[in-house]
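**Student:** Before we start, here is the structure in question, set down as structure tokens.
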Amino acid sequence: MIIEVKVPSPGESISTVEIVKWLVADGDRVEQNQDLAEIESEKATLTLVSPASGQIKIVAQVSKPVAVHSLACTIDSAQQPEAEVIPTVTAPSLAKNPEAKVDVPAQVPETPLKTTPLARKMMQEHNLSTHDVLQRIGARHVTEALSAESPTNPDQKQDWPWEERKPMSNLRKKVSERLVAVKNQTAMLTTFNEIDMSNLIQLRKTWQTQFQEKHGVKLGFMSFFAKAATLALKAFPSVNAMIDGDDIVYFNYTDIGIAVQTPKGLMVPVIRQTQTKGIAQLETEIALVADKARKGTITLDELKGGTFTVTNGGVFGSLLSTPILNPPQTGILGMHTIQERPVALNGQVVIRPMMYVALSYDHRLIDGRESVGFLLKIKLLIENPYQMLAQTAFAEGELLGL
């Protein structure tokens, strides 16, 4: 029976996608629910999954536009694997003779089965035989063996691949278009400040063990910055707004996007209604969507919308940067690495763990006074985390979920 596998739809507004790579070769036998290919759209990455076991015939080409719901491949479910007898070497026999080789069937007697010392040791430790390991030999294994056994000519000049050209993915194209549009269509400016992280670091140390035991996630910094941004957005409504034609749309809620670096590029999952959530719920939801984004299981709904964005270049060691707006939002907060620096405190020079923060904003809507005031509000809240908790409707323990 021939089963047609169609290209899935990543969303209503998307009509074409791109096969980034096939995870199997044409003609391979695949199993039901096995991942077949990675599919990328301008907004998200999906995985094509086999609906049945059988032999695959690939139709859609890599790095070419493919229409949603078009044929990606077919699965011949009538093709069943042929039984193959493979000589078995048990773990005890390997233990007695670690250099033992097992002859393959008579039709290729000149090719003994080879096992490396490390492989033999691993099989002994786990009581495995070669039959347990070699359940099925596919075309890929033969190709790899041929490549490994091919003789090389030491006198032949090596042609090094000095350049490599790859087509730009749909996701990267869309990101590029949006970045250029931001520069051309907004009046983006950035203001900076620095935060003494001493009190927040101490708070985390005090509550970390108890928090992690109860919620199963570490108490990080991002949840506090998300909560601080939520309170600052309430104090400065123009930062929590957008321009729609000749109108200004003010949001009476805060949906905060958290920028996450993934193997496919930067994604911004959105945490909804942050004004109703405490630190524990924020931390849990941030960890969840970040993990889904990195694994490629994030949904389009989880990436849509958002009234403000927080990004943390500090995880990569960035000391200071200018974050770029995520339109149609008019503000984005940039966190950076924490670095011990000498600062003046009460007339004395002391060493403190300091973080530079940046607010990029659309000057068409947000004035300098508001941008500076917003970032100063973030600074004061983070430097006084217990006061920040007291400003909310939650008690400290309740806000932390303890």
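Please note that chains go A, B, ... in the order of the structure tokens, that every chain numbers its residues from 1, and that ligands are numbered from 1 in the order shown.
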For Thr209 in chain A, work out the shell of residues within 9 Å, counting only C-alpha atoms and skipping chain neighbours fewer than 4 positions away, then give it as JSON, numbers by chain.
**Tutor:** {"A": [204, 205, 213, 214, 218, 219]}
**Student:** How would the residues just picked look written out with N, CA and C atoms as a PDB file, in the first residue's frame?
**Tutor:**
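Result file again_25.pdb:
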ATOM      1  N   ARG A 204      18.194  35.392  45.275  1.00  0.00           N
ATOM      2  CA  ARG A 204      18.211  34.093  44.586  1.00  0.00           C
ATOM      3  C   ARG A 204      18.920  33.040  45.431  1.00  0.00           C
ATOM      4  N   LYS A 205      20.033  33.419  46.042  1.00  0.00           N
ATOM      5  CA  LYS A 205      20.770  32.465  46.878  1.00  0.00           C
ATOM      6  C   LYS A 205      19.920  32.022  48.066  1.00  0.00           C
ATOM      7  N   GLU A 213      13.144  23.002  44.515  1.00  0.00           N
ATOM      8  CA  GLU A 213      12.519  21.768  45.004  1.00  0.00           C
ATOM      9  C   GLU A 213      11.019  21.772  44.755  1.00  0.00           C
ATOM     10  N   LYS A 214      10.394  22.933  44.877  1.00  0.00           N
ATOM     11  CA  LYS A 214       8.939  22.995  44.729  1.00  0.00           C
ATOM     12  C   LYS A 214       8.506  23.072  43.267  1.00  0.00           C
ATOM     13  N   LYS A 218      15.020  26.342  38.043  1.00  0.00           N
ATOM     14  CA  LYS A 218      15.861  27.252  38.806  1.00  0.00           C
ATOM     15  C   LYS A 218      15.255  28.647  38.825  1.00  0.00           C
ATOM     16  N   LEU A 219      15.472  29.333  39.921  1.00  0.00           N
ATOM     17  CA  LEU A 219      15.042  30.728  40.034  1.00  0.00           C
ATOM     18  C   LEU A 219      16.077  31.589  39.328  1.00  0.00           C
TER      19      LEU A 219
END
**Student:** Could you pull out the residues in range 160-314 of chain A that DSSP calls strand (DSSP E or B) from the backbone, as a PyMOL selection string?
**Tutor:** chain A and resi 188-196+241-244+247-250+256-258+260-262+265-267+270-271+308-312
**Student:** Interatomic distance between CA of Ile382 in chain A and CA of Ala358 in chain A?
**Tutor:**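 Here the two named atoms are 14.0 Å from each other.
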**Student:** Could you go through range 174-352 of chain A and tell me which residues DSSP, when run on the backbone, assigns to helix (DSSP H, G or I), listing them as JSON, numbers by chain?
**Tutor:** {"A": [174, 175, 176, 177, 178, 179, 180, 181, 182, 183, 184, 185, 198, 199, 200, 201, 202, 203, 204, 205, 206, 207, 208, 209, 210, 211, 212, 213, 214, 215, 222, 223, 224, 225, 226, 227, 228, 229, 230, 231, 232, 233, 234, 235, 237, 238, 239, 240, 274, 275, 276, 279, 280, 281, 282, 283, 284, 285, 286, 287, 288, 289, 290, 291, 292, 293, 294, 295, 313, 314, 315, 316]}
**Student:** Keeping only C-alpha atoms, write those residues as a JSON list (two decimals), in the first residue's frame.
**Tutor:**
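Contents of the output file out22.json:
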[["chain", "number", "residue", "atom", "x", "y", "z"],
["A", 174, "LYS", "CA", 11.95, 36.77, 6.91],
["A", 175, "VAL", "CA", 14.20, 37.86, 9.78],
["A", 176, "SER", "CA", 16.33, 39.86, 7.34],
["A", 177, "GLU", "CA", 13.29, 41.59, 5.87],
["A", 178, "ARG", "CA", 11.95, 42.49, 9.31],
["A", 179, "LEU", "CA", 15.29, 43.88, 10.50],
["A", 180, "VAL", "CA", 15.62, 46.11, 7.43],
["A", 181, "ALA", "CA", 11.99, 47.22, 7.84],
["A", 182, "VAL", "CA", 12.62, 48.22, 11.46],
["A", 183, "LYS", "CA", 15.50, 50.47, 10.46],
["A", 184, "ASN", "CA", 13.55, 52.02, 7.59],
["A", 185, "GLN", "CA", 10.11, 52.39, 9.17],
["A", 198, "SER", "CA", 23.77, 42.55, 44.57],
["A", 199, "ASN", "CA", 20.35, 42.34, 46.23],
["A", 200, "LEU", "CA", 18.76, 40.20, 43.53],
["A", 201, "ILE", "CA", 21.71, 37.80, 43.57],
["A", 202, "GLN", "CA", 21.39, 37.49, 47.34],
["A", 203, "LEU", "CA", 17.63, 36.91, 47.07],
["A", 204, "ARG", "CA", 18.21, 34.09, 44.59],
["A", 205, "LYS", "CA", 20.77, 32.47, 46.88],
["A", 206, "THR", "CA", 18.35, 32.66, 49.81],
["A", 207, "TRP", "CA", 15.40, 31.07, 48.01],
["A", 208, "GLN", "CA", 17.03, 28.99, 45.26],
["A", 209, "THR", "CA", 16.97, 25.54, 46.88],
["A", 210, "GLN", "CA", 13.43, 25.84, 48.22],
["A", 211, "PHE", "CA", 12.16, 27.30, 44.94],
["A", 212, "GLN", "CA", 13.77, 24.60, 42.77],
["A", 213, "GLU", "CA", 12.52, 21.77, 45.00],
["A", 214, "LYS", "CA", 8.94, 22.99, 44.73],
["A", 215, "HIS", "CA", 8.77, 24.13, 41.09],
["A", 222, "MET", "CA", 14.57, 36.68, 33.54],
["A", 223, "SER", "CA", 11.39, 36.26, 35.60],
["A", 224, "PHE", "CA", 12.34, 39.25, 37.76],
["A", 225, "PHE", "CA", 13.08, 41.40, 34.72],
["A", 226, "ALA", "CA", 9.77, 40.32, 33.17],
["A", 227, "LYS", "CA", 7.95, 41.29, 36.38],
["A", 228, "ALA", "CA", 9.87, 44.60, 36.58],
["A", 229, "ALA", "CA", 9.02, 45.33, 32.93],
["A", 230, "THR", "CA", 5.36, 44.57, 33.67],
["A", 231, "LEU", "CA", 5.29, 47.14, 36.50],
["A", 232, "ALA", "CA", 7.24, 49.71, 34.45],
["A", 233, "LEU", "CA", 4.89, 49.28, 31.48],
["A", 234, "LYS", "CA", 1.96, 50.08, 33.75],
["A", 235, "ALA", "CA", 3.74, 53.24, 34.89],
["A", 237, "PRO", "CA", 1.73, 53.23, 29.05],
["A", 238, "SER", "CA", 3.27, 54.64, 25.86],
["A", 239, "VAL", "CA", 5.99, 51.95, 26.01],
["A", 240, "ASN", "CA", 3.19, 49.37, 26.09],
["A", 274, "THR", "CA", 2.15, 38.85, 32.87],
["A", 275, "GLN", "CA", 0.31, 41.41, 35.02],
["A", 276, "THR", "CA", -1.58, 38.50, 36.60],
["A", 279, "ILE", "CA", 7.63, 35.03, 39.80],
["A", 280, "ALA", "CA", 7.05, 31.27, 40.11],
["A", 281, "GLN", "CA", 4.57, 31.13, 37.22],
["A", 282, "LEU", "CA", 6.69, 33.44, 35.07],
["A", 283, "GLU", "CA", 9.83, 31.37, 35.66],
["A", 284, "THR", "CA", 8.02, 28.12, 34.87],
["A", 285, "GLU", "CA", 6.43, 29.44, 31.68],
["A", 286, "ILE", "CA", 9.66, 31.05, 30.47],
["A", 287, "ALA", "CA", 11.56, 27.78, 30.94],
["A", 288, "LEU", "CA", 8.81, 25.85, 29.14],
["A", 289, "VAL", "CA", 8.58, 28.01, 26.01],
["A", 290, "ALA", "CA", 12.36, 28.42, 25.79],
["A", 291, "ASP", "CA", 12.78, 24.64, 25.81],
["A", 292, "LYS", "CA", 10.09, 24.22, 23.15],
["A", 293, "ALA", "CA", 11.70, 26.88, 20.97],
["A", 294, "ARG", "CA", 15.12, 25.21, 21.12],
["A", 295, "LYS", "CA", 13.62, 21.78, 20.36],
["A", 313, "GLY", "CA", 22.60, 39.03, 25.35],
["A", 314, "GLY", "CA", 24.43, 38.51, 28.63],
["A", 315, "VAL", "CA", 24.10, 34.73, 28.31],
["A", 316, "PHE", "CA", 26.57, 35.00, 25.40]]
**Student:** Show which residues sit within 7 Å of Ile195 in chain A, as a list in words. Count only C-alpha atoms, and ignore same-chain residues fewer than 3 positions away.
**Tutor:**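 Surrounding residues, per the criterion: Met354, Met355, Tyr356, Lys379 and Glu383 of chain A.
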**Student:** Keeping only all heavy atoms, write the selected residues as an mmCIF file, in the first residue's frame.
**Tutor:**
data_model
loop_
_atom_site.group_PDB
_atom_site.id
_atom_site.type_symbol
_atom_site.label_atom_id
_atom_site.label_comp_id
_atom_site.auth_asym_id
_atom_site.auth_seq_id
_atom_site.Cartn_x
_atom_site.Cartn_y
_atom_site.Cartn_z
ATOM 1 N N MET A 354 27.638 44.389 38.482
ATOM 2 C CA MET A 354 26.864 45.368 37.730
ATOM 3 C C MET A 354 26.420 44.809 36.375
ATOM 4 O O MET A 354 27.105 43.992 35.757
ATOM 5 C CB MET A 354 27.693 46.642 37.497
ATOM 6 C CG MET A 354 28.252 47.264 38.762
ATOM 7 S SD MET A 354 26.967 47.840 39.916
ATOM 8 C CE MET A 354 26.228 49.155 38.942
ATOM 9 N N MET A 355 25.251 45.241 35.938
ATOM 10 C CA MET A 355 24.734 44.874 34.620
ATOM 11 C C MET A 355 24.311 46.138 33.881
ATOM 12 O O MET A 355 23.532 46.942 34.394
ATOM 13 C CB MET A 355 23.525 43.936 34.737
ATOM 14 C CG MET A 355 22.874 43.633 33.377
ATOM 15 S SD MET A 355 21.235 42.867 33.474
ATOM 16 C CE MET A 355 21.668 41.210 34.016
ATOM 17 N N TYR A 356 24.802 46.293 32.642
ATOM 18 C CA TYR A 356 24.286 47.343 31.781
ATOM 19 C C TYR A 356 22.954 46.891 31.190
ATOM 20 O O TYR A 356 22.802 45.728 30.806
ATOM 21 C CB TYR A 356 25.263 47.639 30.646
ATOM 22 C CG TYR A 356 26.516 48.371 31.073
ATOM 23 C CD1 TYR A 356 27.769 47.803 30.879
ATOM 24 C CD2 TYR A 356 26.436 49.633 31.655
ATOM 25 C CE1 TYR A 356 28.925 48.467 31.262
ATOM 26 C CE2 TYR A 356 27.597 50.302 32.052
ATOM 27 C CZ TYR A 356 28.831 49.717 31.841
ATOM 28 O OH TYR A 356 29.962 50.379 32.241
ATOM 29 N N LYS A 379 15.574 49.791 36.769
ATOM 30 C CA LYS A 379 16.761 49.798 37.633
ATOM 31 C C LYS A 379 16.376 49.771 39.104
ATOM 32 O O LYS A 379 16.894 48.946 39.885
ATOM 33 C CB LYS A 379 17.597 51.049 37.328
ATOM 34 C CG LYS A 379 18.758 51.307 38.303
ATOM 35 C CD LYS A 379 19.461 52.604 37.958
ATOM 36 C CE LYS A 379 20.457 53.001 39.045
ATOM 37 N NZ LYS A 379 21.609 52.080 39.101
ATOM 38 N N GLU A 383 17.098 46.600 41.650
ATOM 39 C CA GLU A 383 18.034 46.838 42.754
ATOM 40 C C GLU A 383 17.361 46.674 44.116
ATOM 41 O O GLU A 383 18.049 46.487 45.130
ATOM 42 C CB GLU A 383 18.640 48.240 42.634
ATOM 43 C CG GLU A 383 19.642 48.355 41.497
ATOM 44 C CD GLU A 383 20.355 49.692 41.464
ATOM 45 O OE1 GLU A 383 19.872 50.642 42.113
ATOM 46 O OE2 GLU A 383 21.405 49.782 40.807
#
**Student:** Could you jot down the CA of Gly305 in chain A to CA of Ile378 in chain A separation for me, Å, one decimal place?
**Tutor:**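 Computing it gives 22.6 Å between the two atoms.
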**Student:** For CA of Val270 in chain A and CA of Lys304 in chain A, quote the distance in Å rounded to one decimal.
**Tutor:**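 So the two atoms, CA of Val270 in chain A and CA of Lys304 in chain A, lie 7.0 Å apart.
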**Student:** I'd like to know which of A:Met1, A:Val260, A:Leu320, A:Leu303 is closest to Thr337 in chain A, using only C-alpha atoms.
**Tutor:**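 Ranking A:Met1, A:Val260, A:Leu320, A:Leu303 by distance to Thr337 in chain A, first place goes to A:Leu320.
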**Student:** Find the residue from A:Ser50, A:Asn346, A:Asn170, A:Asn127 that sits nearest to Pro65 in chain A; use only C-alpha atoms when measuring.
**Tutor:**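 Ranked by minimum distance to Pro65 in chain A, first place goes to A:Asn170.
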**Student:** So, counting only C-alpha atoms, which residue among A:Ile271, A:Val59, A:Leu365, A:Val372 is closest to Tyr253 in chain A?
**Tutor:** A:Ile271
**Student:** Neighbouring residues of Val20 in chain A were defined as those with any atom within 6 Å, considering only C-alpha atoms; residues of the same chain fewer than 5 positions away were excluded. Please report them as a list in words.
**Tutor:** Glu38, Ile39, Val62 and Ser63 of chain A
**Student:** Output N, CA and C atoms for every residue in that selection, as a tab-separated table (two decimals), in the first residue's frame.
**Tutor:**
chain	number	residue	atom	x	y	z
A	38	GLU	N	13.05	18.01	8.30
A	38	GLU	CA	12.83	19.27	8.99
A	38	GLU	C	12.26	20.26	7.98
A	39	ILE	N	11.13	20.88	8.33
A	39	ILE	CA	10.44	21.82	7.45
A	39	ILE	C	10.47	23.19	8.11
A	62	VAL	N	15.16	19.49	-1.29
A	62	VAL	CA	15.71	20.33	-0.23
A	62	VAL	C	15.96	21.74	-0.77
A	63	SER	N	15.70	22.75	0.09
A	63	SER	CA	15.99	24.16	-0.20
A	63	SER	C	15.21	24.71	-1.39
